[in-house]
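Colleague: The following file, structure_3.csv, comprises CSV, C-alpha atoms:
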```
chain,number,residue,atom,x,y,z
A,1,MET,CA,101.4,97.8,122.6
A,2,GLY,CA,105.1,97.0,122.8
A,3,ARG,CA,107.7,99.4,124.0
A,4,ASN,CA,109.1,100.0,120.5
A,5,ASN,CA,105.6,100.7,119.1
A,6,MET,CA,104.8,103.1,122.0
A,7,PHE,CA,108.1,105.0,121.4
A,8,LEU,CA,107.3,105.3,117.7
A,9,ALA,CA,103.8,106.5,118.4
A,10,CYS,CA,105.1,109.2,120.7
A,11,ALA,CA,107.8,110.3,118.2
A,12,VAL,CA,105.2,110.6,115.4
A,13,PHE,CA,102.9,112.5,117.7
A,14,VAL,CA,105.5,115.1,118.5
A,15,ILE,CA,106.5,115.5,114.8
A,16,LEU,CA,102.9,115.9,113.8
A,17,LEU,CA,102.3,118.4,116.6
A,18,VAL,CA,105.1,120.6,115.2
A,19,PHE,CA,104.4,120.3,111.5
A,20,SER,CA,100.6,120.2,111.6
A,21,GLY,CA,100.5,123.5,113.4
A,22,SER,CA,103.2,125.3,111.5
A,23,ALA,CA,101.6,124.3,108.2
A,24,LEU,CA,98.0,125.2,109.2
A,25,GLY,CA,98.1,127.6,112.1
A,26,ALA,CA,98.1,130.7,109.9
A,27,GLY,CA,94.7,129.9,108.5
A,28,LYS,CA,92.3,127.0,108.9
A,29,GLY,CA,93.6,124.5,106.4
A,30,GLU,CA,92.0,121.6,108.3
A,31,VAL,CA,91.7,118.1,106.9
A,32,THR,CA,89.1,117.3,109.5
A,33,THR,CA,85.4,116.9,108.8
A,34,ILE,CA,85.6,115.3,105.3
A,35,LEU,CA,88.6,113.1,106.2
A,36,GLU,CA,87.1,111.9,109.4
A,37,GLU,CA,83.7,111.1,108.0
A,38,GLU,CA,84.3,110.2,104.3
A,39,ILE,CA,87.8,108.7,104.3
A,40,ALA,CA,88.5,107.4,107.8
A,41,LYS,CA,85.0,106.3,108.7
A,42,GLY,CA,82.8,106.5,105.6
A,43,ALA,CA,80.0,109.0,105.4
A,44,LYS,CA,76.5,107.6,105.2
A,45,GLU,CA,74.3,110.7,104.9
A,46,GLU,CA,73.8,112.9,101.9
A,47,ILE,CA,73.9,116.1,104.1
A,48,SER,CA,75.3,116.4,107.6
A,49,PHE,CA,75.9,119.3,110.0
A,50,LYS,CA,78.6,119.7,112.7
A,51,SER,CA,79.2,122.3,115.4
A,52,ASP,CA,82.7,122.3,117.1
A,53,SER,CA,83.4,124.7,119.9
A,54,TYR,CA,86.2,125.1,122.5
A,55,PHE,CA,87.1,127.4,125.3
A,56,ARG,CA,90.8,127.4,126.2
A,57,TYR,CA,92.3,129.3,129.2
A,58,PHE,CA,95.9,130.1,129.9
A,59,PRO,CA,96.3,131.6,133.4
A,60,SER,CA,98.5,134.7,134.0
A,61,HIS,CA,102.1,133.9,133.4
A,62,ARG,CA,105.3,135.8,133.9
A,63,LEU,CA,107.4,136.9,130.9
A,64,SER,CA,110.9,135.9,129.8
A,65,ALA,CA,113.6,138.7,129.9
A,66,GLN,CA,111.1,141.4,130.9
A,67,SER,CA,108.6,142.4,133.6
A,68,GLY,CA,104.9,141.9,133.5
A,69,ARG,CA,102.4,139.1,133.1
A,70,VAL,CA,100.0,138.0,130.3
A,71,SER,CA,96.9,135.8,130.4
A,72,VAL,CA,95.0,134.6,127.4
A,73,THR,CA,91.5,133.3,126.8
A,74,ASP,CA,91.0,131.5,123.5
A,75,ALA,CA,87.5,130.6,122.2
A,76,GLU,CA,86.6,129.2,118.8
A,77,THR,CA,83.4,128.0,117.1
A,78,GLU,CA,83.1,126.3,113.8
A,79,GLN,CA,79.8,125.5,112.1
A,80,SER,CA,80.1,123.2,109.1
A,81,CYS,CA,77.9,121.4,106.5
A,82,GLU,CA,79.0,118.4,104.5
A,83,LEU,CA,77.1,117.4,101.4
A,84,LYS,CA,77.6,115.1,98.4
A,85,ALA,CA,78.1,117.1,95.1
A,86,PHE,CA,76.7,115.2,92.1
A,87,GLY,CA,75.5,112.5,94.6
A,88,LYS,CA,79.0,111.2,95.4
A,89,LEU,CA,81.7,113.9,95.7
A,90,PRO,CA,82.1,115.1,99.4
A,91,VAL,CA,82.2,118.9,99.9
A,92,ASP,CA,82.4,120.7,103.2
A,93,PHE,CA,81.4,124.3,103.8
A,94,SER,CA,82.2,126.0,107.2
A,95,ILE,CA,82.1,129.3,109.0
A,96,ASP,CA,84.7,129.7,111.8
A,97,THR,CA,84.9,132.5,114.4
A,98,ARG,CA,87.8,132.8,116.9
A,99,TYR,CA,88.3,135.2,119.8
A,100,ILE,CA,91.6,135.6,121.7
A,101,GLY,CA,91.3,137.8,124.8
A,102,ILE,CA,94.5,139.3,126.1
A,103,GLU,CA,95.3,140.7,129.6
A,104,ASN,CA,98.7,142.3,129.4
A,105,SER,CA,100.8,144.2,132.0
A,106,SER,CA,104.0,144.3,130.1
A,107,ALA,CA,105.7,147.4,128.6
A,108,VAL,CA,104.8,146.2,125.1
A,109,SER,CA,101.4,147.4,124.0
A,110,LEU,CA,99.1,144.6,122.9
A,111,PRO,CA,95.5,144.8,121.7
A,112,PRO,CA,92.8,143.6,124.2
A,113,ASN,CA,91.8,140.9,121.8
A,114,LEU,CA,92.4,139.2,118.4
A,115,THR,CA,89.5,138.1,116.3
A,116,ALA,CA,89.2,136.1,113.1
A,117,VAL,CA,86.4,134.9,110.8
A,118,THR,CA,87.1,132.2,108.2
A,119,ILE,CA,84.8,130.8,105.5
A,120,GLY,CA,86.1,127.5,104.4
A,121,THR,CA,85.4,125.1,101.5
A,122,GLU,CA,87.0,121.6,101.4
A,123,ILE,CA,86.6,118.9,98.8
A,124,ILE,CA,88.0,115.4,98.3
A,125,GLY,CA,87.9,113.4,95.1
A,126,PRO,CA,89.7,110.6,93.2
A,127,PHE,CA,93.3,111.3,92.3
A,128,LEU,CA,94.5,110.4,88.8
A,129,LYS,CA,92.4,107.3,88.8
A,130,LEU,CA,94.9,105.8,91.3
A,131,ASN,CA,93.4,103.0,93.5
A,132,LYS,CA,92.7,104.1,97.1
A,133,THR,CA,94.2,107.5,96.5
A,134,TYR,CA,92.4,110.9,96.9
A,135,LEU,CA,93.1,114.6,96.4
A,136,PHE,CA,92.2,117.0,99.1
A,137,ALA,CA,91.8,120.8,98.4
A,138,GLY,CA,90.8,123.4,101.0
A,139,PHE,CA,90.2,127.2,100.5
A,140,TYR,CA,89.9,129.5,103.6
A,141,PRO,CA,89.1,133.2,102.9
A,142,SER,CA,89.6,134.9,106.2
A,143,TRP,CA,89.8,138.2,108.1
A,144,SER,CA,92.1,138.4,111.1
A,145,GLY,CA,92.4,141.5,113.2
A,146,SER,CA,91.0,142.9,116.4
A,147,ASN,CA,87.5,143.9,117.7
A,148,TRP,CA,85.8,142.1,114.8
A,149,GLU,CA,86.9,144.7,112.3
A,150,PHE,CA,86.8,143.5,108.7
A,151,ARG,CA,89.6,145.6,107.1
A,152,PRO,CA,90.2,145.0,103.4
A,153,SER,CA,94.0,144.8,104.1
A,154,ALA,CA,93.4,142.0,106.6
A,155,PHE,CA,91.8,139.7,104.0
A,156,ARG,CA,93.8,136.5,103.1
A,157,ILE,CA,93.0,133.3,101.3
A,158,PRO,CA,95.0,130.4,102.9
A,159,MET,CA,94.9,127.2,100.9
A,160,ALA,CA,95.8,123.5,101.5
A,161,TYR,CA,96.4,120.7,99.0
A,162,SER,CA,97.2,117.1,99.9
A,163,VAL,CA,97.2,113.6,98.5
A,164,ILE,CA,95.5,111.0,100.7
A,165,TYR,CA,96.2,107.3,100.5
A,166,LYS,CA,94.0,104.7,102.2
A,167,PRO,CA,95.6,101.3,101.8
A,168,ASN,CA,93.0,99.6,104.1
A,169,GLU,CA,90.2,100.4,106.5
A,170,LYS,CA,92.6,101.0,109.4
A,171,LEU,CA,95.2,103.3,107.9
A,172,VAL,CA,95.1,106.7,106.1
A,173,LEU,CA,98.2,108.5,105.0
A,174,MET,CA,98.4,112.2,103.9
A,175,ALA,CA,101.1,114.5,102.4
A,176,GLY,CA,100.8,118.0,101.0
A,177,VAL,CA,101.4,121.7,101.4
A,178,GLY,CA,99.7,124.7,103.1
A,179,VAL,CA,99.8,127.9,101.0
A,180,TYR,CA,99.5,131.3,102.9
A,181,PRO,CA,99.8,134.4,100.6
A,182,ASP,CA,101.1,137.5,102.4
A,183,TYR,CA,102.0,135.5,105.6
A,184,GLU,CA,105.5,135.4,107.1
A,185,HIS,CA,105.8,131.8,105.9
A,186,GLU,CA,103.9,131.4,102.6
A,187,VAL,CA,104.4,127.7,101.9
A,188,LEU,CA,104.8,125.0,104.5
A,189,PRO,CA,104.6,121.2,104.6
A,190,LEU,CA,101.5,119.3,105.5
A,191,PHE,CA,101.4,115.6,106.4
A,192,GLY,CA,99.8,113.2,108.8
A,193,LEU,CA,98.3,109.8,109.3
A,194,SER,CA,95.3,108.1,110.9
A,195,TYR,CA,95.5,104.6,112.3
A,196,ILE,CA,92.8,102.7,114.1
A,197,PRO,CA,94.2,99.3,115.1
A,198,ASN,CA,91.1,98.2,117.1
A,199,ASP,CA,87.8,99.4,118.5
A,200,LYS,CA,89.4,101.0,121.5
A,201,LEU,CA,92.6,102.7,120.3
A,202,SER,CA,92.9,105.3,117.6
A,203,PHE,CA,95.8,107.5,116.4
A,204,TYR,CA,94.5,110.6,114.6
A,205,LEU,CA,97.8,112.4,113.8
A,206,MET,CA,96.3,114.9,111.4
A,207,PRO,CA,96.6,118.7,111.4
A,208,PRO,CA,95.7,120.8,113.1
A,209,LYS,CA,94.6,118.8,116.2
A,210,PRO,CA,96.5,115.5,116.4
A,211,ASN,CA,95.4,113.2,119.2
A,212,ILE,CA,95.7,109.6,120.5
A,213,THR,CA,92.4,108.2,122.0
A,214,TYR,CA,91.7,105.1,124.1
A,215,ALA,CA,88.0,104.2,124.7
A,216,LEU,CA,87.4,102.9,128.2
A,217,ASN,CA,83.8,102.1,127.3
A,218,LYS,CA,81.0,103.4,125.0
A,219,LYS,CA,80.7,106.6,126.9
A,220,ILE,CA,84.1,107.6,128.2
A,221,SER,CA,87.5,107.9,126.4
A,222,LEU,CA,90.9,109.1,127.4
A,223,PHE,CA,93.1,111.0,125.0
A,224,ALA,CA,96.4,112.8,124.5
A,225,GLU,CA,96.3,116.1,122.5
A,226,GLY,CA,98.7,118.7,121.1
A,227,ARG,CA,98.6,121.7,118.9
A,228,PHE,CA,101.0,124.3,117.5
A,229,SER,CA,99.3,127.4,116.0
A,230,ASN,CA,100.7,130.5,114.3
A,231,ASN,CA,98.2,133.3,114.0
A,232,GLU,CA,98.8,136.6,112.2
A,233,CYS,CA,96.4,139.5,112.7
A,234,GLU,CA,96.4,143.1,111.5
A,235,VAL,CA,96.1,145.6,114.4
A,236,ASP,CA,97.0,149.2,115.3
A,237,LYS,CA,99.8,150.0,117.7
A,238,ASP,CA,101.1,153.3,119.1
A,239,GLY,CA,100.0,155.3,116.0
A,240,PHE,CA,101.0,152.6,113.5
A,241,LYS,CA,98.1,151.3,111.4
A,242,ASN,CA,97.6,147.8,110.0
A,243,VAL,CA,100.7,146.3,111.6
A,244,VAL,CA,100.9,142.5,111.8
A,245,LEU,CA,100.9,140.9,115.2
A,246,VAL,CA,101.9,137.2,115.3
A,247,TYR,CA,100.7,135.0,118.1
A,248,ARG,CA,102.4,131.6,118.4
A,249,GLU,CA,101.1,129.1,120.9
A,250,THR,CA,102.0,125.4,121.6
A,251,HIS,CA,100.4,123.1,124.1
A,252,ALA,CA,100.3,119.4,124.9
A,253,GLY,CA,98.2,117.6,127.4
A,254,CYS,CA,95.6,114.9,128.1
A,255,GLY,CA,92.0,114.7,129.0
A,256,VAL,CA,88.7,112.8,129.1
A,257,LYS,CA,85.9,112.7,126.6
A,258,TYR,CA,82.3,111.9,127.3
A,259,SER,CA,79.9,110.7,124.6
A,260,PHE,CA,76.2,111.6,125.3
A,261,ASN,CA,75.4,109.6,122.2
A,262,THR,CA,76.9,109.0,118.7
A,263,ASN,CA,76.5,112.6,117.8
A,264,ALA,CA,77.3,114.7,120.9
A,265,PHE,CA,80.6,114.8,122.7
A,266,LEU,CA,82.0,116.8,125.6
A,267,SER,CA,85.7,116.8,126.5
A,268,LEU,CA,87.8,118.4,129.3
A,269,SER,CA,91.6,118.5,129.0
A,270,GLY,CA,94.7,120.2,130.4
A,271,GLY,CA,98.4,120.3,130.3
A,272,GLN,CA,101.4,122.5,129.6
A,273,SER,CA,101.8,125.4,127.2
A,274,PHE,CA,105.2,126.4,125.9
A,275,TRP,CA,106.9,128.4,123.1
A,276,ARG,CA,104.2,131.0,123.4
A,277,ARG,CA,104.7,134.6,122.4
A,278,PHE,CA,103.3,137.7,120.7
A,279,ARG,CA,105.5,139.4,118.2
A,280,TYR,CA,105.1,142.4,115.8
A,281,ARG,CA,106.5,141.6,112.4
A,282,ASP,CA,107.8,145.1,111.8
A,283,SER,CA,110.1,145.0,114.8
A,284,LEU,CA,107.7,146.9,117.0
A,285,GLY,CA,108.2,144.7,120.0
A,286,LYS,CA,107.5,141.2,121.3
A,287,VAL,CA,106.4,139.4,124.5
A,288,SER,CA,107.6,135.9,125.3
A,289,ILE,CA,105.5,134.1,127.9
A,290,LYS,CA,107.0,131.5,130.2
A,291,ASP,CA,105.7,127.9,130.2
A,292,GLY,CA,102.6,127.3,132.2
A,293,PRO,CA,99.4,125.2,132.4
A,294,TYR,CA,96.2,125.5,130.3
A,295,ILE,CA,92.7,124.0,130.5
A,296,ASN,CA,90.4,123.3,127.6
A,297,LEU,CA,86.7,122.5,127.3
A,298,ARG,CA,85.3,121.3,124.0
A,299,LEU,CA,81.8,120.5,122.7
A,300,GLU,CA,81.1,118.7,119.4
A,301,ILE,CA,77.6,118.1,118.0
A,302,LYS,CA,76.8,116.3,114.7
A,303,ILE,CA,73.4,116.2,113.0
```
Show this structure as structure tokens.

Modeller:
Amino acid sequence: MGRNNMFLACAVFVILLVFSGSALGAGKGEVTTILEEEIAKGAKEEISFKSDSYFRYFPSHRLSAQSGRVSVTDAETEQSCELKAFGKLPVDFSIDTRYIGIENSSAVSLPPNLTAVTIGTEIIGPFLKLNKTYLFAGFYPSWSGSNWEFRPSAFRIPMAYSVIYKPNEKLVLMAGVGVYPDYEHEVLPLFGLSYIPNDKLSFYLMPPKPNITYALNKKISLFAEGRFSNNECEVDKDGFKNVVLVYRETHAGCGVKYSFNTNAFLSLSGGQSFWRRFRYRDSLGKVSIKDGPYINLRLEIKI
């Protein structure tokens, strides 16, 4: 790859890191399973199942402009099922659970954990009979709070809509919007691309987990990753009920991925976290965390 192409790839990666997370961090809104299987690679089975889990750890870091330290443990599991409606229209159903553990010694009171449950439905179909063009729609009813409490006031239905254009087998382009009723930012841009120039190198610059992967062999791959997420949860604080706590987190790093076979993958990665903070929307305080390292372990299984 030439120097100009490498610079362009890095620039696109940074842009996608920022916009993919800001557009999708509030809910799920992922153009992942269906796009990867049906559009980027081509699904072959009528029904398929996927389990995707990660464990991400941010060691204790000092805070900016205040005393104290905060460490975060972030774990998420998504179980999904993809099927062909009417024998040809790909539909994906998923259940996602996320747990964010918080150890806090600052003066600002934070809950011991944040929890979220999301039930997603994603569908892709032809768009206006245009050649090589598809319409993606995703709906993600969710409850985001603390201690796995399902409060009616914490219920939201984030949505995502995008147009996908696949000019050839190597390139996929996408543009659309994420819609987040009752969130701080209710409408945000959504765009990305997937480019596979050869059997070893792939650019999957799609929200919410853009990555660049290089296969050393059939078992081992190296990759660069990044993510910007913006999570809003309803919690209680100092006598106030149902206040919204925003957790923003950005990280970028690299890692290694091991393929047990064509359906099971384990990856280990690490890098730097930055622009990370907890903030109450009603001006009840915030905690800004200084930059620091993170480590991430991820397991994917397809059936």

Colleague: Report as a list in words all protein, DNA and RNA residues lying within 6 Å of Met174 of chain A, evaluated on all atoms listed in the file, omitting residues in the same chain fewer than 6 positions from it.

Modeller: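 Counting only the stated atoms, we get Val163, Ile164, Phe191, Gly192 and Leu193 of chain A.
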
Colleague: Quick one, how far is atom CA of Leu114 of chain A from atom CA of Glu225 of chain A?

Modeller: 23.8 Å

Colleague: From the list A:Tyr57, A:Phe127, A:Tyr180, A:Tyr134, which residue is nearest Phe155 of chain A when using all atoms listed in the file?

Modeller: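 Closest to Phe155 of chain A of all the choices is A:Tyr180.
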
Colleague: Using all atoms listed in the file, find the one residue out of A:Ser153, A:Thr133, A:Ser288, A:Ser142 that sits nearest to Lys241 of chain A.

Modeller: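 For Lys241 of chain A, the nearest of the candidates is A:Ser153.
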
Colleague: Here's a test: counting only C-alpha atoms, identify every protein, DNA and RNA residue with an atom at most 12 Å from (86.8, 140.5, 110.4) in the file's coordinate frame, and state them as a list in words.

Modeller: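 Applying the cut-off with only C-alpha atoms, one gets Asp96, Thr97, Arg98, Tyr99, Leu114, Thr115, Ala116, Val117, Thr118, Ile119, Pro141, Ser142, Trp143, Ser144, Gly145, Ser146, Asn147, Trp148, Glu149, Phe150, Arg151, Pro152, Ser153, Ala154, Phe155, Arg156, Cys233, Glu234 and Val235 of chain A.
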
Colleague: Could you tell me which of A:Val70, A:Ile301, A:Ile212, A:Met159 comes closest to Arg276 of chain A if we count all atoms listed in the file?

Modeller: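 Under the stated criterion, the closest residue is A:Val70.
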
Colleague: Distance atom CA of Leu89 of chain A-atom CA of Asn263 of chain A, one decimal place?

Modeller: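 According to the coordinates, atom CA of Leu89 of chain A and atom CA of Asn263 of chain A are separated by 22.7 Å.
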
Colleague: Contacts of Gly120 of chain A at 9 Å or less, counting only C-alpha atoms, minus same-chain residues fewer than 6 places along, as a ChimeraX atom specification?

Modeller: /A:28-29,80,92-96,138-142

Colleague: If I put a ball of radius 6 Å at (100.0, 122.3, 119.7) in the file's coordinates, which residues poke into it when counting all atoms listed in the file, written as a ChimeraX atom specification?

Modeller: /A:17,226-228,250-252

Colleague: Taking 2 positions as the minimum chain separation for residues in the same chain, which residues sit within 9 Å of Tyr247 of chain A when counting only C-alpha atoms? Answer as an NGL selection string.

Modeller: :A and (229-233 or 245 or 249 or 276-280)

Colleague: Between A:Pro90, A:Ser105, A:Asn217, A:Tyr165, which residue has the minimum interatomic distance to Ser60 of chain A, considering all atoms listed in the file?

Modeller: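 For Ser60 of chain A, the nearest of the given residues is A:Ser105.
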
Colleague: In terms of the shortest atom-to-atom distance over all atoms listed in the file, which of A:Ile295, A:Leu128, A:Leu205, A:Ala215 is closest to Leu171 of chain A?

Modeller: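 Looking at the shortest contact to Leu171 of chain A, the residue is A:Leu205.
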